[in-house]
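Engineer: File query_24.cif follows (mmCIF, C-alpha atoms and all ligand atoms):
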data_final
#
loop_
_atom_site.group_PDB
_atom_site.id
_atom_site.type_symbol
_atom_site.label_atom_id
_atom_site.label_comp_id
_atom_site.auth_asym_id
_atom_site.auth_seq_id
_atom_site.Cartn_x
_atom_site.Cartn_y
_atom_site.Cartn_z
ATOM 1 C CA MET A 71 12.278 -13.038 4.716
ATOM 2 C CA GLY A 72 11.934 -16.566 6.121
ATOM 3 C CA ARG A 73 10.972 -19.752 4.323
ATOM 4 C CA PRO A 74 7.298 -20.681 4.701
ATOM 5 C CA ALA A 75 7.966 -23.385 7.312
ATOM 6 C CA ASN A 76 5.255 -22.513 9.864
ATOM 7 C CA GLY A 77 2.248 -23.894 8.061
ATOM 8 C CA GLY A 78 3.113 -21.813 5.017
ATOM 9 C CA VAL A 79 3.292 -18.526 6.937
ATOM 10 C CA ILE A 80 5.970 -16.207 5.582
ATOM 11 C CA THR A 81 7.888 -14.222 8.192
ATOM 12 C CA ILE A 82 9.213 -10.776 7.316
ATOM 13 C CA ALA A 83 11.565 -8.751 9.516
ATOM 14 C CA GLY A 84 10.862 -5.017 9.582
ATOM 15 C CA ALA A 85 8.089 -2.585 8.760
ATOM 16 C CA GLY A 86 10.052 -0.023 6.772
ATOM 17 C CA PRO A 87 8.706 0.670 3.258
ATOM 18 C CA ALA A 88 10.344 -2.335 1.590
ATOM 19 C CA GLU A 89 8.997 -5.028 3.886
ATOM 20 C CA PRO A 90 5.271 -4.145 3.877
ATOM 21 C CA ALA A 91 5.569 -3.684 0.086
ATOM 22 C CA ALA A 92 6.870 -7.260 -0.131
ATOM 23 C CA ALA A 93 4.109 -8.417 2.219
ATOM 24 C CA ILE A 94 1.471 -6.761 0.002
ATOM 25 C CA THR A 95 2.827 -8.540 -3.072
ATOM 26 C CA LEU A 96 2.925 -11.896 -1.250
ATOM 27 C CA ALA A 97 -0.576 -11.448 0.187
ATOM 28 C CA ARG A 98 -1.910 -10.649 -3.284
ATOM 29 C CA ALA A 99 -0.361 -13.940 -4.413
ATOM 30 C CA GLY A 100 -2.391 -15.709 -1.712
ATOM 31 C CA ARG A 101 0.378 -16.194 0.864
ATOM 32 C CA SER A 102 -0.039 -15.812 4.629
ATOM 33 C CA VAL A 103 2.406 -13.215 5.922
ATOM 34 C CA VAL A 104 3.426 -11.922 9.352
ATOM 35 C CA VAL A 105 5.549 -8.752 9.537
ATOM 36 C CA HIS A 106 7.616 -8.280 12.706
ATOM 37 C CA GLU A 107 8.782 -4.766 13.564
ATOM 38 C CA ALA A 108 11.322 -4.372 16.359
ATOM 39 C CA HIS A 109 10.168 -0.871 17.291
ATOM 40 C CA PRO A 110 6.803 0.184 18.749
ATOM 41 C CA THR A 111 5.886 2.129 15.590
ATOM 42 C CA VAL A 112 6.723 2.345 11.905
ATOM 43 C CA GLY A 113 9.345 4.841 10.782
ATOM 44 C CA PHE A 114 11.295 4.845 14.033
ATOM 45 C CA ARG A 115 14.710 5.385 12.427
ATOM 46 C CA LEU A 116 13.791 8.244 10.100
ATOM 47 C CA GLN A 117 11.303 10.225 12.136
ATOM 48 C CA ARG A 118 10.002 13.194 10.106
ATOM 49 C CA ASN A 119 12.874 12.917 7.644
ATOM 50 C CA VAL A 120 11.857 14.219 4.210
ATOM 51 C CA GLN A 121 12.973 11.982 1.345
ATOM 52 C CA SER A 122 12.351 11.873 -2.384
ATOM 53 C CA LEU A 123 10.757 9.068 -4.377
ATOM 54 C CA GLU A 124 12.604 9.324 -7.664
ATOM 55 C CA ASN A 125 11.934 7.967 -11.145
ATOM 56 C CA ARG A 126 15.136 5.949 -11.188
ATOM 57 C CA GLY A 127 15.590 3.660 -14.173
ATOM 58 C CA THR A 128 12.276 4.587 -15.727
ATOM 59 C CA GLU A 129 10.798 7.563 -17.513
ATOM 60 C CA ARG A 130 7.478 6.897 -15.803
ATOM 61 C CA HIS A 131 6.623 8.542 -12.535
ATOM 62 C CA VAL A 132 7.492 6.253 -9.642
ATOM 63 C CA LEU A 133 3.958 6.499 -8.256
ATOM 64 C CA SER A 134 2.503 5.089 -11.502
ATOM 65 C CA VAL A 135 4.957 2.211 -11.288
ATOM 66 C CA LEU A 136 3.931 1.528 -7.675
ATOM 67 C CA ALA A 137 0.236 1.669 -8.617
ATOM 68 C CA ASP A 138 0.824 -0.873 -11.405
ATOM 69 C CA LEU A 139 2.476 -3.164 -8.846
ATOM 70 C CA GLY A 140 -0.602 -2.906 -6.633
ATOM 71 C CA ILE A 141 1.243 -0.899 -3.985
ATOM 72 C CA THR A 142 -0.759 1.909 -2.425
ATOM 73 C CA THR A 143 0.092 5.487 -3.352
ATOM 74 C CA ASP A 144 -2.391 6.740 -0.787
ATOM 75 C CA PHE A 145 0.127 8.744 1.235
ATOM 76 C CA ASP A 146 0.971 12.434 1.517
ATOM 77 C CA ARG A 147 3.508 13.624 -1.016
ATOM 78 C CA LEU A 148 4.629 16.738 -2.826
ATOM 79 C CA PRO A 149 5.268 16.233 -6.557
ATOM 80 C CA CYS A 150 8.257 18.259 -7.833
ATOM 81 C CA ARG A 151 8.313 19.248 -11.502
ATOM 82 C CA GLU A 152 11.270 21.616 -11.629
ATOM 83 C CA GLY A 153 14.603 22.255 -9.998
ATOM 84 C CA GLN A 154 18.350 22.582 -10.591
ATOM 85 C CA VAL A 155 20.845 19.827 -11.295
ATOM 86 C CA PHE A 156 24.631 20.218 -11.077
ATOM 87 C CA ASP A 157 27.293 18.634 -13.273
ATOM 88 C CA ALA A 158 30.741 17.449 -12.209
ATOM 89 C CA TRP A 159 32.033 21.016 -12.483
ATOM 90 C CA ASP A 160 29.267 22.329 -10.225
ATOM 91 C CA ARG A 161 27.538 24.082 -13.116
ATOM 92 C CA ALA A 162 23.814 24.450 -12.508
ATOM 93 C CA CYS A 163 21.233 23.523 -15.085
ATOM 94 C CA ALA A 164 17.514 24.203 -14.713
ATOM 95 C CA VAL A 165 15.224 21.246 -15.343
ATOM 96 C CA ARG A 166 11.462 21.300 -15.775
ATOM 97 C CA SER A 167 8.969 18.581 -16.594
ATOM 98 C CA ARG A 168 5.235 18.286 -17.167
ATOM 99 C CA GLU A 169 5.204 15.012 -15.225
ATOM 100 C CA PRO A 170 6.725 14.962 -11.705
ATOM 101 C CA LEU A 171 10.482 14.346 -11.661
ATOM 102 C CA TYR A 172 10.174 13.017 -8.124
ATOM 103 C CA SER A 173 7.890 13.284 -5.115
ATOM 104 C CA MET A 174 8.860 14.434 -1.651
ATOM 105 C CA VAL A 175 7.542 12.193 1.131
ATOM 106 C CA GLU A 176 7.818 12.364 4.888
ATOM 107 C CA ARG A 177 9.157 9.342 6.757
ATOM 108 C CA GLY A 178 8.188 8.364 10.261
ATOM 109 C CA PRO A 179 5.194 7.190 12.272
ATOM 110 C CA ASP A 180 2.791 10.049 11.501
ATOM 111 C CA TRP A 181 -0.572 9.163 10.020
ATOM 112 C CA GLY A 182 -0.883 9.514 6.247
ATOM 113 C CA ASN A 183 2.789 9.253 5.356
ATOM 114 C CA LEU A 184 4.634 6.552 3.392
ATOM 115 C CA ASP A 185 5.622 4.433 6.402
ATOM 116 C CA SER A 186 2.101 4.402 7.858
ATOM 117 C CA ALA A 187 0.212 3.821 4.613
ATOM 118 C CA LEU A 188 1.948 0.620 3.530
ATOM 119 C CA PRO A 189 1.197 -1.457 6.681
ATOM 120 C CA VAL A 190 -2.428 -0.247 6.501
ATOM 121 C CA GLN A 191 -2.734 -1.656 2.980
ATOM 122 C CA ALA A 192 -0.933 -4.834 4.035
ATOM 123 C CA ARG A 193 -3.363 -5.342 6.934
ATOM 124 C CA MET A 194 -6.327 -4.834 4.623
ATOM 125 C CA LEU A 195 -4.984 -7.758 2.596
ATOM 126 C CA GLY A 196 -4.807 -9.963 5.693
ATOM 127 C CA VAL A 197 -1.156 -9.434 6.653
ATOM 128 C CA GLU A 198 -0.483 -9.478 10.387
ATOM 129 C CA VAL A 199 1.851 -6.686 11.528
ATOM 130 C CA ARG A 200 3.391 -7.119 14.987
ATOM 131 C CA PHE A 201 5.201 -4.236 16.688
ATOM 132 C CA ASN A 202 7.743 -4.550 19.526
ATOM 133 C CA SER A 203 8.647 -7.845 17.882
ATOM 134 C CA ALA A 204 12.339 -8.100 17.038
ATOM 135 C CA LEU A 205 13.308 -11.244 15.157
ATOM 136 C CA GLU A 206 16.487 -12.812 16.487
ATOM 137 C CA GLN A 207 16.773 -15.176 13.571
ATOM 138 C CA LEU A 208 14.722 -16.146 10.551
ATOM 139 C CA ALA A 209 13.051 -19.558 10.479
HETATM 140 C C1 LIG B 301 19.472 10.339 5.980
HETATM 141 C C2 LIG B 301 18.877 9.448 4.911
HETATM 142 C C3 LIG B 301 18.281 10.028 3.802
HETATM 143 C C4 LIG B 301 17.739 9.221 2.792
HETATM 144 N N1 LIG B 301 17.119 9.821 1.711
HETATM 145 C C5 LIG B 301 16.542 9.041 0.762
HETATM 146 C C6 LIG B 301 15.836 9.631 -0.332
HETATM 147 O O1 LIG B 301 15.714 10.854 -0.456
HETATM 148 N N2 LIG B 301 15.238 8.791 -1.239
HETATM 149 C C7 LIG B 301 15.324 7.419 -1.128
HETATM 150 O O2 LIG B 301 14.749 6.718 -1.989
HETATM 151 N N3 LIG B 301 15.987 6.840 -0.104
HETATM 152 C C8 LIG B 301 16.579 7.614 0.831
HETATM 153 N N4 LIG B 301 17.238 7.022 1.875
HETATM 154 C C9 LIG B 301 17.270 5.570 1.928
HETATM 155 C C10 LIG B 301 15.940 5.046 2.494
HETATM 156 O O3 LIG B 301 15.717 5.576 3.787
HETATM 157 C C11 LIG B 301 16.039 3.523 2.553
HETATM 158 O O4 LIG B 301 16.376 3.016 1.270
HETATM 159 C C12 LIG B 301 14.729 2.891 2.990
HETATM 160 O O5 LIG B 301 14.310 3.379 4.241
HETATM 161 C C13 LIG B 301 14.939 1.385 3.057
HETATM 162 O O6 LIG B 301 13.713 0.820 3.403
HETATM 163 P P1 LIG B 301 13.699 -0.554 4.166
HETATM 164 O O7 LIG B 301 12.266 -0.894 4.421
HETATM 165 O O8 LIG B 301 14.542 -1.536 3.417
HETATM 166 O O9 LIG B 301 14.504 -0.287 5.524
HETATM 167 P P2 LIG B 301 14.144 0.679 6.789
HETATM 168 O O10 LIG B 301 13.364 1.889 6.365
HETATM 169 O O11 LIG B 301 15.439 0.884 7.493
HETATM 170 O O12 LIG B 301 13.213 -0.230 7.674
HETATM 171 C C14 LIG B 301 13.701 -1.433 8.228
HETATM 172 C C15 LIG B 301 12.818 -1.756 9.433
HETATM 173 O O13 LIG B 301 13.171 -3.054 9.892
HETATM 174 C C16 LIG B 301 13.179 -3.057 11.312
HETATM 175 N N5 LIG B 301 14.034 -4.178 11.702
HETATM 176 C C17 LIG B 301 15.360 -4.329 11.456
HETATM 177 N N6 LIG B 301 15.794 -5.517 11.925
HETATM 178 C C18 LIG B 301 14.721 -6.135 12.488
HETATM 179 C C19 LIG B 301 14.518 -7.392 13.151
HETATM 180 N N7 LIG B 301 15.529 -8.262 13.332
HETATM 181 N N8 LIG B 301 13.273 -7.691 13.593
HETATM 182 C C20 LIG B 301 12.239 -6.832 13.433
HETATM 183 N N9 LIG B 301 12.368 -5.622 12.818
HETATM 184 C C21 LIG B 301 13.599 -5.278 12.345
HETATM 185 C C22 LIG B 301 13.704 -1.674 11.676
HETATM 186 O O14 LIG B 301 13.307 -1.313 12.982
HETATM 187 C C23 LIG B 301 13.038 -0.802 10.590
HETATM 188 O O15 LIG B 301 11.789 -0.287 11.009
HETATM 189 C C24 LIG B 301 17.797 7.803 2.903
HETATM 190 C C25 LIG B 301 18.391 7.231 4.041
HETATM 191 C C26 LIG B 301 18.924 8.035 5.029
HETATM 192 C C27 LIG B 301 19.564 7.392 6.258
#
Taking this structure as input, can you express it in the form of structure tokens?
Structural biologist:
Amino acid sequence: MGRPANGGVITIAGAGPAEPAAAITLARAGRSVVVHEAHPTVGFRLQRNVQSLENRGTERHVLSVLADLGITTDFDRLPCREGQVFDAWDRACAVRSREPLYSMVERGPDWGNLDSALPVQARMLGVEVRFNSALEQLA
């Protein structure tokens, strides 16, 4: 992320999940933000890869935490409430929870997934997202 040197505009490199999430937070704080993505679409690196959003470091479901931060949770996901975990000796233990333990999400450029939803929310807050725009260096 660059310093706001261009008339207060903040420059962000990349349109993976982390960068639009930062842009959303900055835009909510009243900052002007431009996101530059080197590739022609979001999710170029992890096309159709299925990943899990886990409740790391909190007992609350990660989606509730995101919602509290003002980050959209309006993307396709599959909440998982049970499964098997393995200890250091490879012994399996069944786990089950009323609240989701994690949510499976698809990465990539397809409409409705995590990577697509975040730039949509960012744009609605006035963030400019430029594709095919690789930053050589940060201002
Ligand atoms: C195989 C695999 C499986 C994974 N599984 C999980 C999982 O299950 N759960 C989990 O939480 N995490 C998982 N991860 C990690 C997760 O993918 C990353 O933590 C996450 O994608 C990081 O988001 P990001 O926005 O920081 O970076 P990225 O998603 O990598 O996005 C960075 C973006 O920046 C762009 N960019 C880079 N440099 C520039 C530049 N100079 N100018 C313009 N644009 C630029 C890139 O093109 C890219 O689109 C996995 C990773 C891999 C590789």
Engineer: For ligand LIG 301 (chain B), collect every residue having any atom at a distance of at most 8 Å from a ligand atom (counting only C-alpha atoms and all ligand atoms); output as a PyMOL selection string.
Structural biologist: chain A and resi 82-90+105-109+111-116+119-124+174+202-207
Engineer: Which residue is closest to A:Val79? Choose from A:Ala164, A:Val175, A:Leu148, A:Leu96 and count all atoms listed in the file.
Structural biologist: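 Checking each candidate against A:Val79, we get A:Leu96 as the closest.
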Engineer: State, in Å with one decimal place, the distance from atom CA of A:Ala99 to atom CA of A:Asp144.
Structural biologist: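 Separation between atom CA of A:Ala99 and atom CA of A:Asp144: 21.1 Å.
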Engineer: If the PyMOL selection byres (((chain A and resi 168) around 10) and not hetatm) is run on the structure shown, which residues does it catch, given as a ChimeraX atom specification?
Structural biologist: /A:150-152,166-167,169-171
Engineer: Just give me the gap between atom CA of A:Val197 and atom CA of A:Gly140 in Å, one decimal is fine.
Structural biologist: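 Straight-line distance from atom CA of A:Val197 to atom CA of A:Gly140 works out to 14.8 Å.
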Engineer: Evaluating the PyMOL selection byres (((chain A and resi 131) around 10) and not hetatm) on the displayed file yields which residues, as a ChimeraX atom specification?
Structural biologist: /A:123-126,128-130,132-136,149,169-173
Engineer: Pull out every residue that the PyMOL selection byres (((chain A and resi 194) around 12) and not hetatm) matches in the shown coordinates and put them as a PyMOL selection string.
Structural biologist: chain A and resi 90+93-94+97-98+142+187-193+195-199
Engineer: Of the candidates A:Val104, A:Ala162, A:Ala92, A:Val155, which shows the shortest atom-to-atom distance to A:Phe201, using only C-alpha atoms?
Structural biologist: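 Of A:Val104, A:Ala162, A:Ala92, A:Val155, the one nearest A:Phe201, counting only C-alpha atoms, is A:Val104.
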Engineer: Select all residues near (-4.5, 10.3, 7.2) (cut-off 10 Å, inclusive, file coordinates), counting all atoms listed in the file, and output them as an MDAnalysis selection string.
Structural biologist: chainID A and resid 144:146 180:183 186:187
Engineer: Would you work out the distance separating atom CA of A:Arg147 from atom CA of A:Arg200, expressed in Å to one decimal?
Structural biologist: 26.2 Å
Engineer: Around stretch 157-165 of chain A, with edges along x, y and z and 6 Å added on all six sides, what centre and edge lengths do you get, in Å to one decimal, as lines of an AutoDock Vina configuration file?
Structural biologist:
center_x = 23.6
center_y = 20.9
center_z = -12.8
size_x = 28.8
size_y = 19.0
size_z = 17.1
